[in-house]
file upload_36.csv (CSV, C-alpha atoms)
chain,number,residue,atom,x,y,z
U,193,MET,CA,0.0,0.0,0.0
U,194,HIS,CA,1.3,3.4,-0.9
U,195,PHE,CA,1.8,5.9,2.0
U,196,LEU,CA,-0.7,8.3,0.4
U,197,GLU,CA,-3.4,5.5,0.2
U,198,CYS,CA,-2.6,4.8,3.8
U,199,TYR,CA,-3.1,8.5,4.8
U,200,ALA,CA,-6.4,8.6,2.8
U,201,LEU,CA,-7.7,5.4,4.3
U,202,ASN,CA,-6.7,6.5,7.8
U,203,CYS,CA,-8.5,9.8,7.4
U,204,GLY,CA,-11.5,8.6,5.3
U,205,LEU,CA,-10.6,11.0,2.5
U,206,LYS,CA,-10.4,10.8,-1.3
U,207,ILE,CA,-7.2,11.3,-3.2
U,208,ASP,CA,-7.3,14.1,-5.7
U,209,LYS,CA,-4.5,15.9,-7.5
U,210,PRO,CA,-1.7,17.5,-5.5
U,211,PHE,CA,-1.1,21.2,-5.7
U,212,ILE,CA,2.0,23.4,-5.6
U,213,GLU,CA,2.3,26.9,-6.8
U,214,ILE,CA,4.9,27.2,-9.6
U,215,GLU,CA,7.4,30.0,-9.6
U,216,GLU,CA,9.2,30.7,-12.8
U,217,CYS,CA,13.0,30.9,-12.9
U,218,GLU,CA,15.8,30.5,-15.2
U,219,ILE,CA,16.0,27.1,-16.8
U,220,PRO,CA,18.6,25.5,-19.2
U,221,THR,CA,18.1,26.0,-22.9
U,222,GLY,CA,17.5,22.9,-24.9
U,223,ASN,CA,16.7,19.4,-23.7
U,224,TYR,CA,17.4,18.7,-20.1
U,225,VAL,CA,16.6,16.1,-17.4
U,226,THR,CA,16.6,16.7,-13.7
U,227,PHE,CA,18.6,14.7,-11.2
U,228,HIS,CA,18.3,14.6,-7.4
U,229,GLY,CA,20.7,12.2,-5.7
U,230,THR,CA,21.5,13.5,-2.3
U,231,HIS,CA,19.7,13.0,1.0
U,232,PRO,CA,20.5,13.2,4.6
U,233,PHE,CA,19.5,9.5,5.0
U,234,GLN,CA,22.7,7.4,4.5
U,235,SER,CA,20.5,4.5,3.3
U,236,LYS,CA,19.4,6.7,0.3
U,237,SER,CA,23.0,7.8,-0.6
U,238,TYR,CA,24.0,6.0,-3.8
U,239,SER,CA,27.8,5.9,-4.4
U,240,ASN,CA,27.6,5.4,-8.2
U,241,TRP,CA,25.7,8.5,-9.4
U,242,GLN,CA,28.8,9.8,-11.3
U,243,ASN,CA,29.0,6.5,-13.2
U,244,VAL,CA,25.3,6.8,-14.1
U,245,ILE,CA,25.7,10.4,-15.2
U,246,ASP,CA,28.8,9.7,-17.4
U,247,SER,CA,27.1,6.6,-18.9
U,248,VAL,CA,24.0,8.5,-19.9
U,249,LEU,CA,26.0,11.4,-21.3
U,250,SER,CA,28.2,9.0,-23.4
U,251,GLU,CA,25.0,7.8,-25.0
U,252,LEU,CA,23.2,11.1,-25.2
U,253,PRO,CA,26.0,13.8,-25.4
U,254,ASN,CA,23.5,16.6,-26.2
U,255,LEU,CA,21.5,16.1,-23.1
U,256,THR,CA,21.8,18.4,-20.2
U,257,ILE,CA,21.6,16.9,-16.7
U,258,VAL,CA,20.5,19.5,-14.1
U,259,GLN,CA,21.3,18.6,-10.5
U,260,ILE,CA,18.8,20.0,-8.1
U,261,GLY,CA,18.5,19.9,-4.3
U,262,ASN,CA,18.9,22.0,-1.2
U,263,GLU,CA,20.6,19.7,1.3
U,264,PRO,CA,23.4,21.6,3.1
U,265,ASP,CA,26.1,19.1,2.4
U,266,ALA,CA,24.9,17.9,-1.0
U,267,LYS,CA,27.7,16.6,-3.2
U,268,ALA,CA,28.0,18.3,-6.5
U,269,TYR,CA,28.6,16.0,-9.4
U,270,SER,CA,30.7,16.6,-12.5
U,271,ASN,CA,29.3,17.0,-16.0
U,272,VAL,CA,26.0,18.3,-14.8
U,273,GLU,CA,24.5,21.8,-14.7
U,274,ASN,CA,24.6,22.7,-11.0
U,275,TYR,CA,21.3,24.0,-9.6
U,276,LEU,CA,22.1,23.0,-6.1
U,277,HIS,CA,20.8,25.6,-3.6
U,278,LYS,CA,19.6,27.8,-6.5
U,279,THR,CA,15.9,27.0,-6.4
U,280,ASN,CA,13.3,27.0,-3.7
U,281,PHE,CA,10.4,24.5,-3.6
U,282,ASN,CA,8.3,26.4,-6.0
U,283,GLN,CA,11.1,27.1,-8.5
U,284,SER,CA,12.1,23.5,-8.3
U,285,ALA,CA,8.6,22.7,-9.4
U,286,TYR,CA,9.1,24.8,-12.5
U,287,VAL,CA,12.4,23.3,-13.3
U,288,VAL,CA,11.1,19.7,-12.9
U,289,LYS,CA,7.9,20.4,-14.8
U,290,LYS,CA,9.9,21.7,-17.8
U,291,SER,CA,12.2,18.7,-17.9
U,292,LEU,CA,12.0,15.7,-20.2
U,293,LEU,CA,12.7,13.2,-17.3
U,294,HIS,CA,13.6,13.1,-13.7
U,295,PHE,CA,15.9,10.6,-12.1
U,296,GLY,CA,17.3,10.0,-8.6
U,297,ILE,CA,16.3,8.8,-5.2
U,298,ASP,CA,12.9,8.7,-3.5
U,299,SER,CA,12.6,12.3,-2.4
U,300,PHE,CA,10.7,15.5,-2.8
U,301,PRO,CA,11.7,16.1,-6.4
U,302,ALA,CA,10.5,12.6,-7.3
U,303,HIS,CA,7.0,13.5,-6.0
U,304,LEU,CA,7.2,16.9,-7.7
U,305,ALA,CA,7.9,15.1,-11.0
U,306,SER,CA,4.9,12.9,-10.2
U,307,CYS,CA,2.7,16.0,-9.8
U,308,PHE,CA,3.4,17.0,-13.4
U,309,ASP,CA,3.5,13.4,-14.8
U,310,VAL,CA,7.2,13.8,-15.7
U,311,PRO,CA,8.7,10.4,-16.6
U,312,SER,CA,10.9,9.2,-13.8
U,313,VAL,CA,13.6,6.7,-13.0
U,314,LEU,CA,14.0,6.2,-9.3
U,315,LEU,CA,16.0,4.1,-6.9
U,316,TYR,CA,14.5,2.5,-3.7
U,317,SER,CA,16.5,1.1,-0.9
U,318,HIS,CA,15.4,0.9,2.7
U,319,THR,CA,11.6,0.8,1.9
U,320,TYR,CA,9.6,-1.1,-0.6
U,321,LYS,CA,9.0,0.9,-3.9
U,322,GLU,CA,5.3,0.0,-3.6
U,323,GLN,CA,5.0,2.2,-0.6
U,324,CYS,CA,6.6,5.4,-2.0
U,325,TYR,CA,6.4,5.3,-5.8
U,326,PRO,CA,5.5,8.5,-7.6
U,327,PHE,CA,1.8,8.1,-7.1
U,328,PHE,CA,0.5,10.4,-9.8
U,329,THR,CA,2.8,9.3,-12.6
U,330,ASN,CA,1.4,7.3,-15.5
U,331,PRO,CA,2.8,3.7,-14.9
U,332,ASN,CA,4.2,3.7,-18.4
U,333,LYS,CA,6.3,6.7,-17.6
U,334,MET,CA,8.2,5.4,-14.6
U,335,ARG,CA,11.0,2.9,-14.0
U,336,LEU,CA,11.4,2.0,-10.3
U,337,ILE,CA,14.5,0.1,-9.3
U,338,GLN,CA,14.4,-1.7,-6.0
U,339,ALA,CA,17.9,-2.3,-4.5
U,340,PRO,CA,18.7,-6.0,-4.0
U,341,LEU,CA,18.3,-6.3,-0.2
U,342,ASN,CA,21.0,-7.5,2.2
U,343,THR,CA,18.3,-8.6,4.6
U,344,VAL,CA,15.1,-10.5,4.3
U,345,ARG,CA,13.0,-7.3,4.4
U,346,PRO,CA,13.8,-3.7,3.9
U,347,SER,CA,15.5,-2.1,6.9
U,348,TYR,CA,13.3,1.0,7.2
U,349,ASN,CA,16.4,2.5,8.7
U,350,SER,CA,18.0,5.8,7.7
U,351,LYS,CA,21.4,4.3,8.4
U,352,GLU,CA,22.4,0.9,7.1
U,353,GLU,CA,25.7,-0.8,7.9
U,354,ALA,CA,26.1,-1.8,4.3
U,355,PRO,CA,23.7,0.4,2.3
U,356,CYS,CA,21.7,-1.9,0.0
U,357,ILE,CA,21.3,1.0,-2.5
U,358,ASP,CA,24.8,0.3,-3.6
U,359,ASN,CA,23.8,-3.1,-4.8
U,360,ILE,CA,22.1,-1.5,-7.8
U,361,ARG,CA,24.3,-1.6,-10.8
U,362,PRO,CA,24.9,1.9,-12.3
U,363,LEU,CA,24.5,0.5,-15.8
U,364,GLU,CA,21.0,-0.7,-15.0
U,365,VAL,CA,20.1,2.8,-13.9
U,366,SER,CA,21.6,4.5,-16.9
U,367,GLN,CA,20.1,2.1,-19.3
U,368,ASN,CA,16.6,2.7,-17.8
U,369,ILE,CA,17.1,6.4,-18.2
U,370,ILE,CA,18.2,6.1,-21.8
U,371,ASP,CA,15.4,3.6,-22.7
U,372,LEU,CA,12.7,5.7,-21.0
U,373,LEU,CA,13.9,8.9,-22.7
U,374,ASN,CA,13.8,7.2,-26.1
U,375,GLU,CA,10.3,6.0,-25.4
U,376,VAL,CA,8.8,9.3,-24.3
U,377,SER,CA,10.7,11.8,-26.3
U,378,ASP,CA,11.4,12.1,-30.1
U,379,SER,CA,13.7,15.1,-29.6
U,380,ILE,CA,16.6,13.2,-28.0
O,25,MET,CA,-20.8,21.7,10.4
O,26,THR,CA,-19.0,24.9,11.0
O,27,GLY,CA,-15.8,25.6,12.9
O,28,LYS,CA,-12.2,24.7,12.3
O,29,ILE,CA,-10.5,21.6,10.9
O,30,LEU,CA,-6.9,20.8,11.3
O,31,PHE,CA,-4.8,18.7,8.9
O,32,ALA,CA,-1.3,18.1,10.4
O,33,MET,CA,1.7,16.8,8.4
O,34,PRO,CA,4.9,18.0,10.2
O,35,LYS,CA,7.3,16.6,7.6
O,36,SER,CA,8.7,15.7,5.2
O,37,ALA,CA,8.5,17.8,2.0
O,38,GLY,CA,7.3,14.8,-0.2
O,39,ASP,CA,4.6,13.9,2.4
O,40,VAL,CA,3.4,17.5,2.7
O,41,LEU,CA,3.2,17.8,-1.1
O,42,CYS,CA,1.3,14.5,-1.5
O,43,SER,CA,-1.0,15.3,1.3
O,44,THR,CA,-2.3,18.3,-0.6
O,45,SER,CA,-4.2,15.8,-2.8
O,46,LEU,CA,-6.4,15.0,0.2
O,47,LEU,CA,-7.5,18.6,1.0
O,48,ARG,CA,-10.2,18.9,-1.7
O,49,SER,CA,-12.0,16.0,-0.1
O,50,ILE,CA,-12.1,17.8,3.2
O,51,LYS,CA,-13.5,20.9,1.7
O,52,GLU,CA,-16.1,19.0,-0.1
O,53,LEU,CA,-17.2,17.1,3.0
O,54,TYR,CA,-17.2,20.3,5.2
O,55,PRO,CA,-17.5,23.3,2.9
O,56,GLU,CA,-18.4,25.7,5.7
O,57,CYS,CA,-15.3,24.8,7.8
O,58,ILE,CA,-12.0,26.7,8.0
O,59,LEU,CA,-9.1,24.4,7.2
O,60,HIS,CA,-5.8,24.8,8.9
O,61,PHE,CA,-2.7,22.9,7.7
O,62,ALA,CA,0.0,22.5,10.3
O,63,THR,CA,3.6,21.7,9.2
O,64,GLU,CA,7.1,22.8,9.9
O,65,LYS,CA,7.9,26.4,8.9
O,66,SER,CA,10.4,25.3,6.2
O,67,PHE,CA,7.6,23.6,4.3
O,68,PHE,CA,5.2,26.6,4.2
O,69,PRO,CA,6.2,27.5,0.6
O,70,ILE,CA,4.9,24.1,-0.6
O,71,LEU,CA,1.4,25.2,0.6
O,72,LYS,CA,1.5,28.8,-0.7
O,73,ASN,CA,-1.8,29.8,-2.3
O,74,ASN,CA,-3.3,26.4,-2.0
O,75,PRO,CA,-7.0,26.9,-2.9
O,76,TYR,CA,-8.2,24.5,-0.2
O,77,ILE,CA,-6.2,25.8,2.8
O,78,ASP,CA,-7.5,28.8,4.8
O,79,GLU,CA,-4.4,29.1,7.0
O,80,VAL,CA,-1.0,27.4,7.2
O,81,ILE,CA,0.2,27.2,10.8
O,82,GLU,CA,3.4,26.0,12.4
O,83,TYR,CA,3.3,22.4,13.7
O,84,GLN,CA,3.7,22.0,17.5
O,85,GLU,CA,4.3,19.0,19.6
O,86,CYS,CA,0.9,19.3,21.3
O,87,MET,CA,-0.7,18.5,18.0
O,88,ARG,CA,0.2,14.9,18.5
O,89,ASN,CA,-2.6,14.8,21.1
O,90,ILE,CA,-6.0,14.5,19.4
O,91,PHE,CA,-7.9,15.1,22.7
O,92,HIS,CA,-6.1,18.4,23.1
O,93,LEU,CA,-7.1,19.4,19.6
O,94,GLU,CA,-10.7,18.1,19.5
O,95,GLY,CA,-11.4,18.3,23.2
O,96,ALA,CA,-12.3,15.7,25.8
O,97,GLY,CA,-14.3,16.0,29.0
O,98,ASP,CA,-14.3,19.5,30.3
O,99,HIS,CA,-11.6,20.6,27.8
O,100,LYS,CA,-13.1,22.1,24.7
O,101,GLY,CA,-10.6,21.7,21.9
O,102,GLU,CA,-9.9,24.3,19.2
O,103,TYR,CA,-10.9,22.0,16.3
O,104,GLU,CA,-14.0,20.2,15.3
O,105,ILE,CA,-11.9,17.6,13.5
O,106,ALA,CA,-8.2,17.0,13.6
O,107,TYR,CA,-6.7,14.8,10.8
O,108,LEU,CA,-3.3,13.5,12.0
O,109,PRO,CA,-2.3,10.9,9.4
O,110,PHE,CA,1.3,11.1,10.3
O,111,LEU,CA,0.7,9.7,13.8
O,112,ASN,CA,-0.2,6.1,13.0
O,113,SER,CA,-0.3,5.6,9.2
O,114,GLN,CA,3.4,5.0,9.1
O,115,ALA,CA,3.1,2.5,11.8
O,116,ILE,CA,0.2,0.6,10.2
O,117,MET,CA,2.0,0.6,6.8
O,118,THR,CA,5.2,-0.7,8.3
O,119,TYR,CA,3.3,-3.4,10.2
O,120,GLN,CA,1.5,-4.5,7.0
O,121,HIS,CA,4.9,-5.0,5.4
O,122,ASN,CA,6.1,-7.2,8.2
O,123,THR,CA,8.9,-5.1,9.6
O,124,HIS,CA,7.8,-5.7,13.1
O,125,SER,CA,10.9,-4.3,14.7
O,126,LYS,CA,10.6,-1.0,12.9
O,127,ILE,CA,7.1,0.1,13.8
O,128,ALA,CA,7.4,3.9,13.8
O,129,TYR,CA,5.2,4.8,16.7
O,130,SER,CA,8.0,6.1,18.8
O,131,ILE,CA,9.4,8.4,16.1
O,132,LYS,CA,9.6,11.9,17.5
O,133,TYR,CA,8.7,14.7,15.1
call {"tool": "encode", "arguments": {"input": "upload_36.csv", "output": "structure tokens"}}
result
Amino acid sequence: MHFLECYALNCGLKIDKPFIEIEECEIPTGNYVTFHGTHPFQSKSYSNWQNVIDSVLSELPNLTIVQIGNEPDAKAYSNVENYLHKTNFNQSAYVVKKSLLHFGIDSFPAHLASCFDVPSVLLYSHTYKEQCYPFFTNPNKMRLIQAPLNTVRPSYNSKEEAPCIDNIRPLEVSQNIIDLLNEVSDSI
Amino acid sequence: MTGKILFAMPKSAGDVLCSTSLLRSIKELYPECILHFATEKSFFPILKNNPYIDEVIEYQECMRNIFHLEGAGDHKGEYEIAYLPFLNSQAIMTYQHNTHSKIAYSIKY
């Protein structure tokens, strides 16, 4: 059960569309995708994002990858357009809405992309993907990658001794991004 | 019914955003009521100009207590209804998925 379904069931309320006010800001020219890969939770920190980025760009050299996020100690990756700490929630909504695709971890930008039905490739580690997937995204437009677990069940722990998220192969992530982009966009 | 309704979701940003999809339903059920949304101050921009919210207020620890909010016995609460999905939904969901040792009831917001 998705957490939103659980909230709705718990409150006896119906699920409608989410709402966030969009604030226009400067966005990259040309085709771009958004990326959010940093989180205070250690169990959501993937060590291989640079490999994923480089692999996608080697296949699609004209694509711009925009790294978004506002975490204080967010790691800035190479070969991306750095929007870290440059956008607030409402501007992030604008940047994500205008993008061809969003990829990264299960986080606020992932749900933002879902609000606007932006195709998404997302990694799940310490929770089941079924609980947190981008609820409002058309199922044909999302690729959800569940990390092979080191335990029988997900840890539900923000800190894992050996983060299972690193069991995901970077090539699997990059291939999903490339495949989904090719499916949803003619302009790539 | 008239009066005030509280919907509380202290964190995090994704949960606050997704929760906005439930607010229309509240307004349809209780069109005469004033809807307050309580969350941490840092998430106020997510709720800016939301057509279903009358006022965004800062979340406080006392909002974990539904009897304080809705009233009990001699105490007349401030709200007619308080929706607190963050309090037990996470625990139920975790239990359903069999992670018995990680039921999140004791998480302190």
call {"tool": "interface_residues", "arguments": {"input": "upload_36.csv", "of": "chain O", "to": "chain U", "cutoff": "6 Å", "atoms": "all atoms listed in the file", "output": "short mmCIF file (atom, residue, chain, number, x, y, z; two decimals) with C-alpha atoms, in the coordinates of the input"}}
result
data_model
loop_
_atom_site.label_atom_id
_atom_site.label_comp_id
_atom_site.auth_asym_id
_atom_site.auth_seq_id
_atom_site.Cartn_x
_atom_site.Cartn_y
_atom_site.Cartn_z
CA ALA O 37 8.50 17.80 2.00
CA GLY O 38 7.30 14.80 -0.20
CA CYS O 42 1.30 14.50 -1.50
CA THR O 44 -2.30 18.30 -0.60
CA SER O 45 -4.20 15.80 -2.80
CA LEU O 46 -6.40 15.00 0.20
CA SER O 49 -12.00 16.00 -0.10
CA ILE O 70 4.90 24.10 -0.60
CA PRO O 109 -2.30 10.90 9.40
CA SER O 113 -0.30 5.60 9.20
#
call {"tool": "atom_distance", "arguments": {"input": "upload_36.csv", "atom1": "CA of Val365 (chain U)", "atom2": "CA of Lys289 (chain U)"}}
result
21.4 Å
call {"tool": "residues_around", "arguments": {"input": "upload_36.csv", "residues": "Lys290 (chain U)", "least_positions_apart": "6", "cutoff": "12 Å", "atoms": "only C-alpha atoms", "output": "MDAnalysis selection string"}}
result
chainID U and resid 214:226 258 283:284 304:305 308:311
call {"tool": "residues_around", "arguments": {"input": "upload_36.csv", "residues": "Tyr103 (chain O)", "least_positions_apart": "5", "cutoff": "8 Å", "atoms": "all atoms listed in the file", "output": "PyMOL selection string"}}
result
chain O and resi 27-30+93-95
call {"tool": "atom_distance", "arguments": {"input": "upload_36.csv", "atom1": "CA of Phe295 (chain U)", "atom2": "CA of Asn73 (chain O)"}}
result
27.9 Å
call {"tool": "atom_distance", "arguments": {"input": "upload_36.csv", "atom1": "CA of Leu252 (chain U)", "atom2": "CA of Asn374 (chain U)"}}
result
10.2 Å
call {"tool": "closest_residue", "arguments": {"input": "upload_36.csv", "among": "U:Tyr316, U:Phe227, U:Asn332, U:Ser250", "to": "Val288 (chain U)", "atoms": "only C-alpha atoms"}}
result
U:Phe227
call {"tool": "residues_around", "arguments": {"input": "upload_36.csv", "residues": "Met87 (chain O)", "least_positions_apart": "6", "cutoff": "9 Å", "atoms": "only C-alpha atoms", "output": "list in words"}}
result
Ala32, Ala62, Leu93, Ala106 and Leu108 of chain O
call {"tool": "residues_around", "arguments": {"input": "upload_36.csv", "residues": "Glu82 (chain O)", "least_positions_apart": "4", "cutoff": "8 Å", "atoms": "only C-alpha atoms", "output": "number ranges by chain"}}
result
O: 62-65
call {"tool": "write_last_selection", "arguments": {"input": "upload_36.csv", "atoms": "C-alpha atoms", "output": "PDB file, in the frame of the given file"}}
result
ATOM      1  CA  ALA O  62       0.000  22.500  10.300  1.00  0.00           C
ATOM      2  CA  THR O  63       3.600  21.700   9.200  1.00  0.00           C
ATOM      3  CA  GLU O  64       7.100  22.800   9.900  1.00  0.00           C
ATOM      4  CA  LYS O  65       7.900  26.400   8.900  1.00  0.00           C
TER       5      LYS O  65
END
call {"tool": "residues_around", "arguments": {"input": "upload_36.csv", "residues": "Ser235 (chain U)", "least_positions_apart": "5", "cutoff": "12 Å", "atoms": "only C-alpha atoms", "output": "list in words"}}
result
Gly229, Thr230, Ile297, Asp298, Leu315, Tyr316, Ser317, His318, Thr319, Ala339, Leu341, Pro346, Ser347, Tyr348, Asn349, Ser350, Lys351, Glu352, Glu353, Ala354, Pro355, Cys356, Ile357, Asp358 and Asn359 of chain U
call {"tool": "closest_residue", "arguments": {"input": "upload_36.csv", "among": "O:Leu71, O:Val40, O:Leu111, O:Ile58", "to": "Met25 (chain O)", "atoms": "all atoms listed in the file"}}
result
O:Ile58
call {"tool": "build_atoms", "arguments": {"input": "upload_36.csv", "residues": "region 37-55 of chain O", "atoms": "N, CA and C atoms", "output": "PDB file, in the coordinates of the input"}}
result
ATOM      1  N   ALA O  37       8.985  17.000   3.099  1.00  0.00           N
ATOM      2  CA  ALA O  37       8.500  17.800   2.000  1.00  0.00           C
ATOM      3  C   ALA O  37       7.604  16.917   1.040  1.00  0.00           C
ATOM      4  N   GLY O  38       8.039  15.707   0.754  1.00  0.00           N
ATOM      5  CA  GLY O  38       7.300  14.800  -0.200  1.00  0.00           C
ATOM      6  C   GLY O  38       5.913  14.477   0.419  1.00  0.00           C
ATOM      7  N   ASP O  39       5.875  14.215   1.708  1.00  0.00           N
ATOM      8  CA  ASP O  39       4.600  13.900   2.400  1.00  0.00           C
ATOM      9  C   ASP O  39       3.672  15.083   2.396  1.00  0.00           C
ATOM     10  N   VAL O  40       4.251  16.263   2.637  1.00  0.00           N
ATOM     11  CA  VAL O  40       3.400  17.500   2.700  1.00  0.00           C
ATOM     12  C   VAL O  40       2.829  17.707   1.262  1.00  0.00           C
ATOM     13  N   LEU O  41       3.668  17.560   0.249  1.00  0.00           N
ATOM     14  CA  LEU O  41       3.200  17.800  -1.100  1.00  0.00           C
ATOM     15  C   LEU O  41       2.083  16.749  -1.472  1.00  0.00           C
ATOM     16  N   CYS O  42       2.321  15.485  -1.207  1.00  0.00           N
ATOM     17  CA  CYS O  42       1.300  14.500  -1.500  1.00  0.00           C
ATOM     18  C   CYS O  42       0.033  14.657  -0.747  1.00  0.00           C
ATOM     19  N   SER O  43       0.162  15.125   0.482  1.00  0.00           N
ATOM     20  CA  SER O  43      -1.000  15.300   1.300  1.00  0.00           C
ATOM     21  C   SER O  43      -1.966  16.388   0.752  1.00  0.00           C
ATOM     22  N   THR O  44      -1.435  17.293  -0.045  1.00  0.00           N
ATOM     23  CA  THR O  44      -2.300  18.300  -0.600  1.00  0.00           C
ATOM     24  C   THR O  44      -3.396  17.711  -1.494  1.00  0.00           C
ATOM     25  N   SER O  45      -3.167  16.492  -1.942  1.00  0.00           N
ATOM     26  CA  SER O  45      -4.200  15.800  -2.800  1.00  0.00           C
ATOM     27  C   SER O  45      -5.398  15.383  -1.982  1.00  0.00           C
ATOM     28  N   LEU O  46      -5.316  15.448  -0.650  1.00  0.00           N
ATOM     29  CA  LEU O  46      -6.400  15.000   0.200  1.00  0.00           C
ATOM     30  C   LEU O  46      -7.323  16.194   0.632  1.00  0.00           C
ATOM     31  N   LEU O  47      -6.859  17.399   0.377  1.00  0.00           N
ATOM     32  CA  LEU O  47      -7.500  18.600   1.000  1.00  0.00           C
ATOM     33  C   LEU O  47      -8.857  18.904   0.275  1.00  0.00           C
ATOM     34  N   ARG O  48      -8.943  18.646  -0.992  1.00  0.00           N
ATOM     35  CA  ARG O  48     -10.200  18.900  -1.700  1.00  0.00           C
ATOM     36  C   ARG O  48     -11.340  18.110  -1.069  1.00  0.00           C
ATOM     37  N   SER O  49     -11.016  16.883  -0.738  1.00  0.00           N
ATOM     38  CA  SER O  49     -12.000  16.000  -0.100  1.00  0.00           C
ATOM     39  C   SER O  49     -12.532  16.564   1.180  1.00  0.00           C
ATOM     40  N   ILE O  50     -11.654  17.166   1.963  1.00  0.00           N
ATOM     41  CA  ILE O  50     -12.100  17.800   3.200  1.00  0.00           C
ATOM     42  C   ILE O  50     -13.021  18.933   2.973  1.00  0.00           C
ATOM     43  N   LYS O  51     -12.647  19.755   1.998  1.00  0.00           N
ATOM     44  CA  LYS O  51     -13.500  20.900   1.700  1.00  0.00           C
ATOM     45  C   LYS O  51     -14.827  20.536   1.102  1.00  0.00           C
ATOM     46  N   GLU O  52     -14.870  19.423   0.403  1.00  0.00           N
ATOM     47  CA  GLU O  52     -16.100  19.000  -0.100  1.00  0.00           C
ATOM     48  C   GLU O  52     -17.033  18.378   0.971  1.00  0.00           C
ATOM     49  N   LEU O  53     -16.398  17.712   1.915  1.00  0.00           N
ATOM     50  CA  LEU O  53     -17.200  17.100   3.000  1.00  0.00           C
ATOM     51  C   LEU O  53     -17.666  18.236   3.985  1.00  0.00           C
ATOM     52  N   TYR O  54     -16.822  19.241   4.203  1.00  0.00           N
ATOM     53  CA  TYR O  54     -17.200  20.300   5.200  1.00  0.00           C
ATOM     54  C   TYR O  54     -16.913  21.672   4.557  1.00  0.00           C
ATOM     55  N   PRO O  55     -17.764  22.066   3.617  1.00  0.00           N
ATOM     56  CA  PRO O  55     -17.500  23.300   2.900  1.00  0.00           C
ATOM     57  C   PRO O  55     -17.551  24.567   3.763  1.00  0.00           C
TER      58      PRO O  55
END
